[in-house]
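Chemist: Got coords_37.tsv for you, TSV, C-alpha atoms:
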```tsv
chain	number	residue	atom	x	y	z
A	1	MET	CA	-16.84	27.51	9.86
A	2	ARG	CA	-17.76	24.27	11.60
A	3	ASP	CA	-20.20	26.06	13.89
A	4	TYR	CA	-21.74	27.89	10.94
A	5	LEU	CA	-22.21	24.58	9.10
A	6	THR	CA	-23.59	22.59	12.01
A	7	ARG	CA	-25.48	25.24	13.99
A	8	ALA	CA	-26.56	27.82	11.45
A	9	LEU	CA	-27.13	25.52	8.48
A	10	GLY	CA	-27.97	22.36	10.41
A	11	VAL	CA	-25.48	20.14	8.57
A	12	LYS	CA	-25.67	16.61	10.00
A	13	SER	CA	-22.78	14.97	8.16
A	14	LEU	CA	-19.30	14.57	9.58
A	15	ILE	CA	-17.12	17.65	9.09
A	16	MET	CA	-13.86	16.69	7.43
A	17	THR	CA	-10.88	19.02	7.49
A	18	THR	CA	-7.98	19.56	5.13
A	19	ALA	CA	-5.62	16.61	4.80
A	20	ASP	CA	-2.31	16.22	6.59
A	21	HIS	CA	-0.07	15.94	3.56
A	22	GLY	CA	3.23	17.79	3.99
A	23	HIS	CA	5.60	14.96	4.80
A	24	THR	CA	8.81	16.93	4.38
A	25	SER	CA	8.09	18.61	7.73
A	26	SER	CA	6.08	18.09	10.89
A	27	GLY	CA	2.33	17.72	10.62
A	28	TYR	CA	1.62	18.74	14.20
A	29	PRO	CA	0.75	22.41	13.69
A	30	LEU	CA	-1.89	21.35	11.14
A	31	LEU	CA	-3.14	18.52	13.35
A	32	LEU	CA	-3.53	20.91	16.27
A	33	ALA	CA	-5.98	22.86	14.14
A	34	THR	CA	-7.85	19.85	12.74
A	35	SER	CA	-7.88	17.31	15.57
A	36	SER	CA	-11.03	18.67	17.21
A	37	PHE	CA	-13.14	18.03	14.10
A	38	ASP	CA	-15.15	14.88	13.40
A	39	THR	CA	-12.61	13.06	11.23
A	40	ASN	CA	-9.01	13.32	10.12
A	41	ASP	CA	-7.57	12.75	6.69
A	42	GLY	CA	-4.12	12.01	5.29
A	43	HIS	CA	-2.42	12.08	1.91
A	44	THR	CA	0.89	10.75	0.72
A	45	TYR	CA	2.72	9.26	-2.25
A	46	TRP	CA	5.61	6.87	-2.47
A	47	GLN	CA	8.29	8.78	-4.38
A	48	HIS	CA	6.09	11.52	-5.82
A	49	ASP	CA	7.13	12.86	-9.22
A	50	TRP	CA	8.48	16.12	-7.81
A	51	GLU	CA	10.93	14.26	-5.56
A	52	ASN	CA	12.90	13.21	-8.66
A	53	LYS	CA	14.28	10.21	-6.78
A	54	ILE	CA	15.81	7.12	-8.25
A	55	LYS	CA	12.88	4.75	-8.10
A	56	ALA	CA	13.25	2.22	-5.30
A	57	PRO	CA	11.03	-0.42	-3.72
A	58	MET	CA	9.07	0.57	-0.61
A	59	VAL	CA	9.65	-2.88	0.92
A	60	ASN	CA	13.32	-1.91	1.23
A	61	ASP	CA	12.56	1.33	3.08
A	62	PRO	CA	9.71	0.62	5.52
A	63	PHE	CA	10.44	3.54	7.86
A	64	ASN	CA	9.73	5.98	5.04
A	65	SER	CA	6.83	4.01	3.58
A	66	THR	CA	3.33	5.28	2.87
A	67	VAL	CA	2.22	3.22	5.89
A	68	VAL	CA	4.50	5.11	8.26
A	69	GLU	CA	3.80	8.54	6.78
A	70	LEU	CA	0.04	8.08	6.95
A	71	SER	CA	0.17	6.68	10.47
A	72	ARG	CA	1.16	10.00	12.06
A	73	THR	CA	-2.25	11.57	11.43
A	74	PRO	CA	-5.07	9.52	13.06
A	75	VAL	CA	-6.62	10.99	16.20
A	76	ALA	CA	-7.69	8.55	18.91
A	77	GLY	CA	-11.39	7.75	18.87
A	78	LYS	CA	-12.13	9.41	15.52
A	79	PRO	CA	-12.49	8.07	12.00
A	80	TYR	CA	-9.41	8.31	9.81
A	81	THR	CA	-9.46	8.38	6.02
A	82	VAL	CA	-6.74	8.45	3.38
A	83	SER	CA	-8.18	10.39	0.47
A	84	GLU	CA	-5.06	10.51	-1.71
A	85	VAL	CA	-2.37	7.91	-2.04
A	86	ASN	CA	-0.49	6.14	-4.81
A	87	ASN	CA	2.76	4.51	-5.78
A	88	PRO	CA	3.01	6.55	-8.98
A	89	PHE	CA	4.00	5.50	-12.49
A	90	PRO	CA	6.67	4.89	-13.65
A	91	SER	CA	8.09	2.47	-11.14
A	92	ASP	CA	9.33	-1.08	-11.43
A	93	TRP	CA	8.01	-1.68	-7.93
A	94	ALA	CA	4.51	-0.23	-8.03
A	95	SER	CA	2.78	-3.61	-7.64
A	96	GLU	CA	3.62	-3.42	-3.91
A	97	GLY	CA	1.51	-0.32	-3.18
A	98	ILE	CA	-2.11	-1.48	-3.06
A	99	PRO	CA	-1.64	-4.80	-1.19
A	100	ILE	CA	0.66	-3.30	1.45
A	101	LEU	CA	-1.62	-0.38	2.25
A	102	ALA	CA	-4.78	-2.54	2.23
A	103	ALA	CA	-3.15	-4.84	4.80
A	104	TYR	CA	-1.71	-2.13	7.01
A	105	GLY	CA	-4.84	0.02	6.70
A	106	ASP	CA	-6.74	-2.89	8.25
A	107	PHE	CA	-4.09	-3.37	10.90
A	108	GLN	CA	-4.21	0.33	11.80
A	109	ASP	CA	-8.05	0.23	11.71
A	110	TRP	CA	-8.36	3.06	9.19
A	111	ASP	CA	-11.77	3.81	7.72
A	112	ALA	CA	-11.13	4.50	4.02
A	113	ILE	CA	-8.32	4.37	1.46
A	114	ILE	CA	-8.94	6.26	-1.79
A	115	TRP	CA	-6.36	5.76	-4.53
A	116	TYR	CA	-5.53	8.85	-6.57
A	117	THR	CA	-6.80	8.64	-9.19
A	118	PHE	CA	-9.35	6.75	-11.24
A	119	GLU	CA	-9.63	8.84	-14.35
A	120	PRO	CA	-11.43	7.03	-17.14
A	121	LYS	CA	-10.63	8.52	-20.51
A	122	ALA	CA	-13.95	9.62	-21.94
A	123	SER	CA	-12.73	10.15	-25.48
A	124	PRO	CA	-13.04	7.10	-27.75
A	125	ASP	CA	-9.81	8.27	-29.39
A	126	TRP	CA	-7.76	7.70	-26.24
A	127	LYS	CA	-5.19	4.99	-26.80
A	128	PRO	CA	-4.72	2.37	-24.08
A	129	TYR	CA	-1.56	3.52	-22.33
A	130	ILE	CA	-0.78	5.11	-18.99
A	131	GLY	CA	-0.96	8.81	-19.63
A	132	ASP	CA	0.32	10.33	-16.38
A	133	ALA	CA	1.96	9.43	-13.09
A	134	PHE	CA	-1.23	8.97	-11.09
A	135	ASP	CA	-4.01	7.64	-13.31
A	136	ILE	CA	-4.70	4.01	-12.40
A	137	SER	CA	-7.58	3.36	-14.80
A	138	LEU	CA	-5.22	2.21	-17.55
A	139	ASP	CA	-2.76	0.39	-15.30
A	140	PRO	CA	-3.56	-3.33	-15.71
A	141	VAL	CA	-1.82	-4.37	-12.49
A	142	LYS	CA	-3.29	-1.71	-10.20
A	143	MET	CA	-6.79	-2.17	-11.62
A	144	SER	CA	-6.75	-5.91	-10.98
A	145	GLN	CA	-5.29	-5.40	-7.51
A	146	LEU	CA	-8.10	-3.02	-6.55
A	147	ALA	CA	-10.57	-5.92	-6.45
A	148	ALA	CA	-8.46	-8.00	-4.07
A	149	GLY	CA	-7.51	-4.91	-2.06
A	150	ALA	CA	-11.11	-3.83	-1.60
A	151	LEU	CA	-12.12	-7.31	-0.45
A	152	MET	CA	-9.27	-7.56	2.03
A	153	PHE	CA	-9.61	-4.03	3.41
A	154	LEU	CA	-13.41	-3.80	3.63
A	155	ARG	CA	-13.79	-7.24	5.25
A	156	ALA	CA	-10.94	-6.43	7.66
A	157	ASP	CA	-9.22	-9.69	6.74
A	158	VAL	CA	-6.19	-8.39	8.65
A	159	SER	CA	-7.41	-7.80	12.19
A	160	PRO	CA	-6.83	-4.44	13.86
A	161	ALA	CA	-3.85	-4.37	16.22
A	162	ASN	CA	-4.46	-5.78	19.68
A	163	SER	CA	-3.04	-2.70	21.34
A	164	THR	CA	-2.60	0.94	20.40
A	165	VAL	CA	0.22	3.29	21.31
A	166	LEU	CA	-1.14	6.77	22.03
A	167	ARG	CA	0.95	9.94	21.93
A	168	SER	CA	0.03	13.44	22.99
A	169	TYR	CA	1.84	16.75	22.82
A	170	ALA	CA	1.63	20.08	24.58
A	171	ARG	CA	1.14	23.22	22.49
A	172	ASP	CA	4.74	24.34	22.94
A	173	GLN	CA	5.95	20.96	21.75
A	174	VAL	CA	3.81	21.26	18.62
A	175	PHE	CA	5.38	24.59	17.74
A	176	ASP	CA	8.88	23.81	18.94
A	177	ARG	CA	11.09	25.29	16.21
A	178	TRP	CA	13.37	22.30	16.14
A	179	ASN	CA	10.54	19.85	15.80
A	180	THR	CA	8.94	21.71	12.91
A	181	SER	CA	12.21	22.47	11.14
A	182	ARG	CA	12.83	21.00	7.72
A	183	VAL	CA	16.43	20.40	8.70
A	184	SER	CA	15.48	18.28	11.70
A	185	ASN	CA	15.71	14.60	11.18
A	186	ARG	CA	13.17	13.93	8.50
A	187	TRP	CA	12.58	10.36	9.41
A	188	MET	CA	11.78	11.20	13.02
A	189	VAL	CA	9.30	13.87	12.02
A	190	ARG	CA	7.66	11.62	9.49
A	191	GLN	CA	7.02	9.03	12.10
A	192	GLY	CA	5.64	11.59	14.50
A	193	LEU	CA	8.41	11.05	16.98
A	194	LEU	CA	9.92	14.10	18.60
A	195	LEU	CA	13.60	13.71	19.28
A	196	ARG	CA	13.65	15.98	22.30
A	197	HIS	CA	11.06	13.92	24.13
A	198	PRO	CA	11.33	10.40	25.43
A	199	ARG	CA	11.38	7.73	22.79
A	200	PRO	CA	8.09	5.84	23.10
A	201	LYS	CA	8.26	2.19	23.92
A	202	ILE	CA	6.28	0.39	21.30
A	203	GLN	CA	5.25	-3.20	21.82
A	204	LEU	CA	4.02	-4.94	18.74
A	205	SER	CA	1.26	-7.45	19.17
A	206	PRO	CA	1.51	-10.76	17.36
A	207	ILE	CA	0.33	-9.90	13.88
A	208	PRO	CA	-0.05	-11.82	10.65
A	209	ILE	CA	1.97	-9.37	8.56
A	210	SER	CA	5.65	-8.66	8.85
A	211	TRP	CA	8.62	-6.98	7.17
A	212	HIS	CA	11.49	-9.20	6.19
A	213	GLY	CA	14.98	-8.37	5.05
A	214	THR	CA	15.03	-4.85	6.37
A	215	THR	CA	17.79	-3.09	8.20
A	216	HIS	CA	17.42	-1.14	11.43
A	217	ARG	CA	18.20	2.52	11.43
A	218	GLN	CA	20.23	4.07	14.20
A	219	TRP	CA	18.42	6.70	16.19
A	220	PRO	CA	20.31	9.98	15.94
A	221	GLY	CA	21.95	10.75	19.25
A	222	SER	CA	21.33	7.29	20.69
B	1	MET	CA	18.46	-5.63	0.49
B	2	ALA	CA	15.50	-7.71	-0.63
B	3	GLY	CA	12.43	-6.67	1.36
B	4	LEU	CA	9.25	-8.67	1.53
B	5	VAL	CA	5.85	-8.16	3.14
B	6	THR	CA	3.78	-11.24	3.78
B	7	VAL	CA	0.08	-11.29	4.62
B	8	ASP	CA	-1.18	-14.52	6.16
B	9	THR	CA	-4.79	-14.43	7.31
B	10	PRO	CA	-7.61	-16.96	6.83
B	11	ARG	CA	-9.23	-15.07	3.92
B	12	SER	CA	-6.36	-13.13	2.33
B	13	GLN	CA	-2.74	-14.13	1.88
B	14	ALA	CA	0.08	-12.54	-0.10
B	15	GLY	CA	3.78	-12.25	-0.75
B	16	ILE	CA	4.73	-8.72	-1.80
B	17	GLY	CA	8.19	-7.71	-2.98
B	18	PHE	CA	11.25	-9.88	-3.43
B	19	VAL	CA	9.32	-13.14	-3.18
B	20	LYS	CA	11.92	-15.22	-5.01
B	21	ALA	CA	14.89	-14.08	-2.90
B	22	ASN	CA	13.08	-14.67	0.40
B	23	GLY	CA	11.57	-18.07	-0.43
B	24	LYS	CA	8.71	-17.57	2.04
B	25	SER	CA	5.32	-19.24	1.77
B	26	VAL	CA	1.97	-18.52	3.38
B	27	THR	CA	-0.50	-20.98	4.88
B	28	ASN	CA	-2.43	-21.89	1.74
B	29	LEU	CA	-0.02	-20.93	-1.05
B	30	SER	CA	3.57	-21.47	-2.03
B	31	ALA	CA	5.20	-20.20	-5.21
B	32	LYS	CA	8.39	-21.01	-7.08
B	33	VAL	CA	8.64	-17.71	-8.86
B	34	GLN	CA	11.05	-16.60	-11.57
B	35	ASN	CA	10.47	-12.83	-11.36
B	36	ARG	CA	12.83	-10.78	-9.21
B	37	PHE	CA	10.01	-8.61	-7.80
B	38	CYS	CA	6.26	-9.24	-7.80
B	39	THR	CA	3.07	-9.57	-5.81
B	40	ILE	CA	1.29	-12.91	-5.43
B	41	TRP	CA	-2.04	-12.51	-3.69
B	42	ILE	CA	-4.87	-14.96	-3.02
B	43	THR	CA	-8.22	-13.94	-1.58
B	44	SER	CA	-11.38	-15.85	-0.74
B	45	LEU	CA	-14.37	-14.62	-2.72
B	46	GLU	CA	-16.69	-15.89	0.00
B	47	SER	CA	-17.08	-15.45	3.72
B	48	GLU	CA	-15.33	-18.81	4.12
B	49	PRO	CA	-11.57	-18.91	4.67
B	50	ILE	CA	-9.30	-19.88	1.76
B	51	SER	CA	-8.99	-23.40	3.11
B	52	ARG	CA	-12.76	-24.02	2.71
B	53	ALA	CA	-13.84	-21.54	0.01
B	54	SER	CA	-15.10	-22.81	-3.33
B	55	ARG	CA	-14.05	-19.62	-5.20
B	56	LEU	CA	-10.73	-17.85	-4.82
B	57	LEU	CA	-9.21	-14.82	-6.56
B	58	LEU	CA	-5.51	-15.18	-7.43
B	59	THR	CA	-3.92	-11.85	-8.43
B	60	LEU	CA	-0.37	-11.68	-9.78
B	61	GLY	CA	1.39	-8.42	-10.55
B	62	SER	CA	4.81	-7.12	-11.52
B	63	ARG	CA	6.09	-4.32	-13.78
B	64	VAL	CA	3.97	-2.14	-16.05
B	65	GLU	CA	5.39	-0.04	-18.90
B	66	ASN	CA	4.14	1.80	-21.95
B	67	GLU	CA	5.28	0.55	-25.34
B	68	GLY	CA	8.42	2.42	-26.33
B	69	MET	CA	8.96	4.13	-22.97
B	70	ARG	CA	12.55	4.83	-21.98
B	71	TRP	CA	14.00	5.62	-18.56
B	72	ASN	CA	16.38	8.52	-18.04
B	73	GLU	CA	19.95	7.77	-17.04
B	74	ARG	CA	19.33	8.11	-13.27
B	75	ARG	CA	16.18	5.99	-13.50
B	76	SER	CA	14.28	8.69	-11.65
B	77	ASN	CA	11.79	9.35	-14.45
B	78	LEU	CA	11.20	8.78	-18.11
B	79	ALA	CA	13.15	10.23	-21.02
B	80	GLU	CA	10.46	8.95	-23.38
B	81	TRP	CA	6.94	8.46	-22.07
B	82	GLY	CA	5.99	5.87	-24.68
B	83	GLY	CA	2.50	5.02	-25.83
B	84	SER	CA	0.01	2.33	-26.60
B	85	PRO	CA	-0.25	-0.44	-25.68
B	86	THR	CA	0.56	-0.73	-21.99
B	87	LEU	CA	2.73	-3.77	-21.33
B	88	ILE	CA	3.00	-6.01	-18.29
B	89	GLU	CA	5.79	-8.27	-17.09
B	90	PRO	CA	4.07	-11.65	-16.67
B	91	VAL	CA	4.58	-13.29	-13.30
B	92	ILE	CA	6.02	-16.72	-14.08
B	93	SER	CA	5.55	-19.03	-11.16
B	94	ARG	CA	4.72	-22.57	-10.18
B	95	ILE	CA	1.82	-22.08	-7.76
B	96	THR	CA	0.86	-24.67	-5.15
B	97	LEU	CA	-2.36	-24.34	-3.18
B	98	ARG	CA	-2.25	-26.35	0.00
B	99	ASN	CA	-4.17	-27.07	3.18
B	100	LEU	CA	-7.45	-26.99	1.26
B	101	ASP	CA	-9.81	-28.93	3.50
B	102	HIS	CA	-12.38	-30.50	1.23
B	103	ALA	CA	-11.24	-29.88	-2.35
B	104	LYS	CA	-11.86	-32.74	-4.79
B	105	THR	CA	-10.72	-30.84	-7.89
B	106	VAL	CA	-8.97	-27.47	-8.25
B	107	SER	CA	-8.82	-25.40	-11.44
B	108	ALA	CA	-7.87	-21.85	-12.39
B	109	GLN	CA	-9.72	-19.67	-14.88
B	110	ALA	CA	-7.95	-16.62	-16.37
B	111	LEU	CA	-10.01	-13.42	-16.43
B	112	ASP	CA	-9.86	-10.62	-18.98
B	113	GLY	CA	-9.73	-6.90	-18.31
B	114	SER	CA	-13.42	-6.77	-17.48
B	115	GLY	CA	-13.30	-9.76	-15.15
B	116	GLN	CA	-14.82	-12.20	-17.66
B	117	PRO	CA	-13.40	-15.71	-18.20
B	118	THR	CA	-10.94	-16.00	-21.08
B	119	GLY	CA	-9.36	-19.20	-22.39
B	120	GLU	CA	-9.70	-22.68	-21.01
B	121	PRO	CA	-9.48	-23.48	-17.27
B	122	ILE	CA	-6.19	-24.93	-16.02
B	123	ARG	CA	-6.55	-27.97	-13.78
B	124	ALA	CA	-4.25	-28.40	-10.81
B	125	GLU	CA	-2.66	-31.73	-10.07
B	126	LYS	CA	-2.91	-33.14	-6.57
B	127	LYS	CA	0.42	-34.14	-5.08
B	128	ALA	CA	1.73	-34.64	-1.56
B	129	GLU	CA	2.63	-30.95	-1.16
B	130	GLY	CA	-0.77	-29.73	-2.38
B	131	TRP	CA	-2.59	-28.76	-5.58
B	132	ILE	CA	0.02	-27.80	-8.17
B	133	PHE	CA	-0.70	-25.73	-11.29
B	134	PRO	CA	1.53	-26.75	-14.20
```
Now, as a test, write the supplied structure out as structure tokens.
Modeler:
Amino acid sequence: MRDYLTRALGVKSLIMTTADHGHTSSGYPLLLATSSFDTNDGHTYWQHDWENKIKAPMVNDPFNSTVVELSRTPVAGKPYTVSEVNNPFPSDWASEGIPILAAYGDFQDWDAIIWYTFEPKASPDWKPYIGDAFDISLDPVKMSQLAAGALMFLRADVSPANSTVLRSYARDQVFDRWNTSRVSNRWMVRQGLLLRHPRPKIQLSPIPISWHGTTHRQWPGS
Amino acid sequence: MAGLVTVDTPRSQAGIGFVKANGKSVTNLSAKVQNRFCTIWITSLESEPISRASRLLLTLGSRVENEGMRWNERRSNLAEWGGSPTLIEPVISRITLRNLDHAKTVSAQALDGSGQPTGEPIRAEKKAEGWIFP
């Protein structure tokens, strides 16, 4: 399809593939198929409606945050966009979503964050209330935060990280049944860390943003 | 557990989460907040850093609900969706702006839903710890 678009039709724009969005299992089989294209894209939601979870704050669960889930998808040297994300309604904690992702999107040097969804109600009869889990156009907090978030993200007020940790996988590792299994440790898969392979040593550079008051999870088998 | 994310850069600074429980400040802003959970976010509207900018955007946010909405017993979703109007939990806080290099006066102007000024400006008082909004 890419060759048809670029060679036969002469398309000059970047070719974007389907988004990496299935965070209940490994994203590597999909990324193997999409990583050779011009850009990569990710989707995720904090406590999506279908999860039916007791609503909890993301700041208390950083290892399962939108930041961590979206960070498994970027491919080195290529643009990375997030074309669907939200901390859906209802939630007592939703005011954390936009500022956290704007800050960490800068830190991770992502190229776009698109909140799902701005859906202005065209009918003059529509009453001013939030009508579904995802529409932000009638959410007074999210709408006001978009202005500050856009300024911070687009100006790169938070500098990109000083160093990057790169990971690569062989084809058999991508399709390893254990690594793609839904019953494998979900947290490990979400973070893009394969339990059967050496735990990467990650050195964090001095950065102006930090998590406070979080606990450290034990690595299974460590 | 009372998590908090802080952002502390020259042009954007924020406390996000359990601000009150953590008692943290950022370079140009401190807040004595009453809400259990909120976001307090200040951004320069110019290329200048907050410490030298003449216009700043202060954005405060906490809970949003529809009128009449009701949570289910597990608090995983709503038993009653509710309707108009949408309600917000006001962020009640004593805000201090500090380390402002050349400020002679500091005031805050509330904005309405379309970003237009509404009401009278609030003047901050200069004290040893910084510019305090009453």
Chemist: Can you tell me, as a PyMOL selection string, what residues are no more than 7 Å from Ala110 (chain B) when counting only C-alpha atoms, ignoring any on the same chain fewer than 4 positions away?
Modeler: chain B and resi 117-119
Chemist: Sorted by chain and rising residue number, list the residues of chain A at most 8 Å from chain B (counting all atoms listed in the file), each with its closest atom pair and distance in Å to one decimal, as a Markdown table.
Modeler:
```
| residue | atom | partner | partner_atom | distance |
| --- | --- | --- | --- | --- |
| A:Asp49 | CA | B:Asn77 | CA | 7.8 |
| A:Asn52 | CA | B:Ser76 | CA | 5.6 |
| A:Lys53 | CA | B:Ser76 | CA | 5.1 |
| A:Ile54 | CA | B:Ser76 | CA | 4.0 |
| A:Lys55 | CA | B:Ser76 | CA | 5.5 |
| A:Pro57 | CA | B:Gly17 | CA | 7.9 |
| A:Val59 | CA | B:Gly3 | CA | 4.7 |
| A:Asn60 | CA | B:Gly3 | CA | 4.8 |
| A:Pro90 | CA | B:Asn77 | CA | 6.8 |
| A:Ser91 | CA | B:Arg63 | CA | 7.6 |
| A:Asp92 | CA | B:Arg63 | CA | 5.1 |
| A:Trp93 | CA | B:Arg63 | CA | 6.7 |
| A:Ala94 | CA | B:Arg63 | CA | 7.2 |
| A:Ser95 | CA | B:Ser62 | CA | 5.6 |
| A:Glu96 | CA | B:Ile16 | CA | 5.8 |
| A:Pro99 | CA | B:Ile16 | CA | 7.5 |
| A:Ile100 | CA | B:Val5 | CA | 7.3 |
| A:Ala103 | CA | B:Val7 | CA | 7.2 |
| A:Lys127 | CA | B:Ser84 | CA | 5.8 |
| A:Pro128 | CA | B:Ser84 | CA | 5.4 |
| A:Tyr129 | CA | B:Ser84 | CA | 4.7 |
| A:Ile130 | CA | B:Asn66 | CA | 6.6 |
| A:Leu138 | CA | B:Thr86 | CA | 7.9 |
| A:Asp139 | CA | B:Val64 | CA | 7.2 |
| A:Pro140 | CA | B:Ile88 | CA | 7.5 |
| A:Val141 | CA | B:Gly61 | CA | 5.5 |
| A:Ser144 | CA | B:Thr59 | CA | 7.1 |
| A:Gln145 | CA | B:Thr59 | CA | 6.7 |
| A:Ala148 | CA | B:Thr43 | CA | 6.4 |
| A:Leu151 | CA | B:Thr43 | CA | 7.8 |
| A:Met152 | CA | B:Ser12 | CA | 6.3 |
| A:Asp157 | CA | B:Arg11 | CA | 6.1 |
| A:Val158 | CA | B:Thr9 | CA | 6.3 |
| A:Pro208 | CA | B:Asp8 | CA | 5.4 |
| A:Ile209 | CA | B:Val7 | CA | 4.8 |
| A:Ser210 | CA | B:Val5 | CA | 5.7 |
| A:Trp211 | CA | B:Val5 | CA | 5.0 |
| A:His212 | CA | B:Leu4 | CA | 5.2 |
| A:Gly213 | CA | B:Gly3 | CA | 4.8 |
| A:Thr214 | CA | B:Gly3 | CA | 5.9 |
```
Chemist: Using all atoms listed in the file, find the one residue out of A:Asp172, A:Asp38, A:Asp61, A:Asp109 that sits nearest to Leu14 (chain A).
Modeler: A:Asp38
Chemist: Rounded to one decimal, what separation in Å do you get between CA of Gly149 (chain A) and CA of Pro74 (chain A)?
Modeler: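 Distance reported for this atom pair: 21.0 Å.
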Chemist: Take CA of Arg55 (chain B) and CA of Lys20 (chain B) and report the distance between them in Å, one decimal.
Modeler: 26.3 Å
Chemist: Work out how far apart CA of Thr24 (chain A) and CA of Ser83 (chain A) are and give it in Å to one decimal.
Modeler: 18.6 Å
Chemist: Identify, on the basis of all atoms listed in the file, every residue whose closest approach to Asp111 (chain A) does not exceed 10 Å; exclude the query and any residue fewer than 5 positions from it along the same chain; express the result as a list in words.
Modeler: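 Counting all atoms listed in the file, the residues come to Thr39, Asp41, Lys78, Pro79, Tyr80, Thr81, Val82, Gly105, Asp106, Phe153 and Leu154 of chain A.
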Chemist: Measuring between all atoms listed in the file, which one of A:Leu166, A:Ala133, A:Val11, A:Ala102 shows the shortest distance to Val75 (chain A)?
Modeler: A:Leu166
Chemist: With a distance cut-off of 8 Å and all atoms listed in the file, select the neighbouring residues of Pro134 (chain B), excluding the residue or stretch itself and same-chain residues fewer than 4 positions from it, and output the selection as a compact mmCIF listing (two decimals) with C-alpha atoms, keeping the file's coordinate frame.
Modeler:
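So the final result, stored in part19.txt, reads:
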```txt
# COMPACT_ATOMS: atom_id res chain seq x y z
CA ARG B 94 4.72 -22.57 -10.18
CA ILE B 95 1.82 -22.08 -7.76
CA ALA B 124 -4.25 -28.40 -10.81
CA GLU B 125 -2.66 -31.73 -10.07
```
Chemist: Would you place a box with edges along x, y and z of the file around all atoms of region 75-83 of chain B listed there, add 8 Å to each of its six sides, and report the centre and edge lengths in Å to one decimal, as lines of an AutoDock Vina configuration file?
Modeler:
```
center_x = 9.3
center_y = 7.6
center_z = -18.7
size_x = 29.7
size_y = 21.2
size_z = 30.2
```
Chemist: Would you give me, as CSV, each residue of region 10-29 of chain B having an atom within 12 Å of an atom of region 98-104 of chain B, along with its shortest atom pair and that distance in Å to one decimal, using only C-alpha atoms and sorting by chain and residue number?
Modeler:
```
residue,atom,partner,partner_atom,distance
B:Pro10,CA,B:Asn99,CA,11.3
B:Ser25,CA,B:Arg98,CA,10.5
B:Val26,CA,B:Arg98,CA,9.5
B:Thr27,CA,B:Asn99,CA,7.3
B:Asn28,CA,B:Arg98,CA,4.8
B:Leu29,CA,B:Arg98,CA,6.0
```
Chemist: With C-alpha atoms retained, write the just-selected residues as a PDB file, in the frame of the given file.
Modeler:
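Output below, filename again.pdb:
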```
ATOM      1  CA  PRO B  10      -7.610 -16.960   6.830  1.00  0.00           C
ATOM      2  CA  SER B  25       5.320 -19.240   1.770  1.00  0.00           C
ATOM      3  CA  VAL B  26       1.970 -18.520   3.380  1.00  0.00           C
ATOM      4  CA  THR B  27      -0.500 -20.980   4.880  1.00  0.00           C
ATOM      5  CA  ASN B  28      -2.430 -21.890   1.740  1.00  0.00           C
ATOM      6  CA  LEU B  29      -0.020 -20.930  -1.050  1.00  0.00           C
TER       7      LEU B  29
END
```
Chemist: Could you name the residues that touch Trp46 (chain A) at 9 Å or less, counting all atoms listed in the file, but leaving out those on the same chain fewer than 5 positions away, as a list in words?
Modeler: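 Result of the neighbour search: Met58, Asn64, Ser65, Thr66, Val85, Asn86, Asn87, Pro88 and Gly97 of chain A.
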Chemist: Would you mind listing what lies within 10 Å of Ala19 (chain A) as a list in words, with all atoms listed in the file counted and same-chain residues fewer than 2 positions away left out?
Modeler: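 Everything that qualifies: Met16, Thr17, His21, Gly22, Gly27, Leu30, Leu31, Thr34, Asn40, Asp41, Gly42, His43, Thr44, Thr73, Thr81, Val82, Ser83 and Glu84 of chain A.
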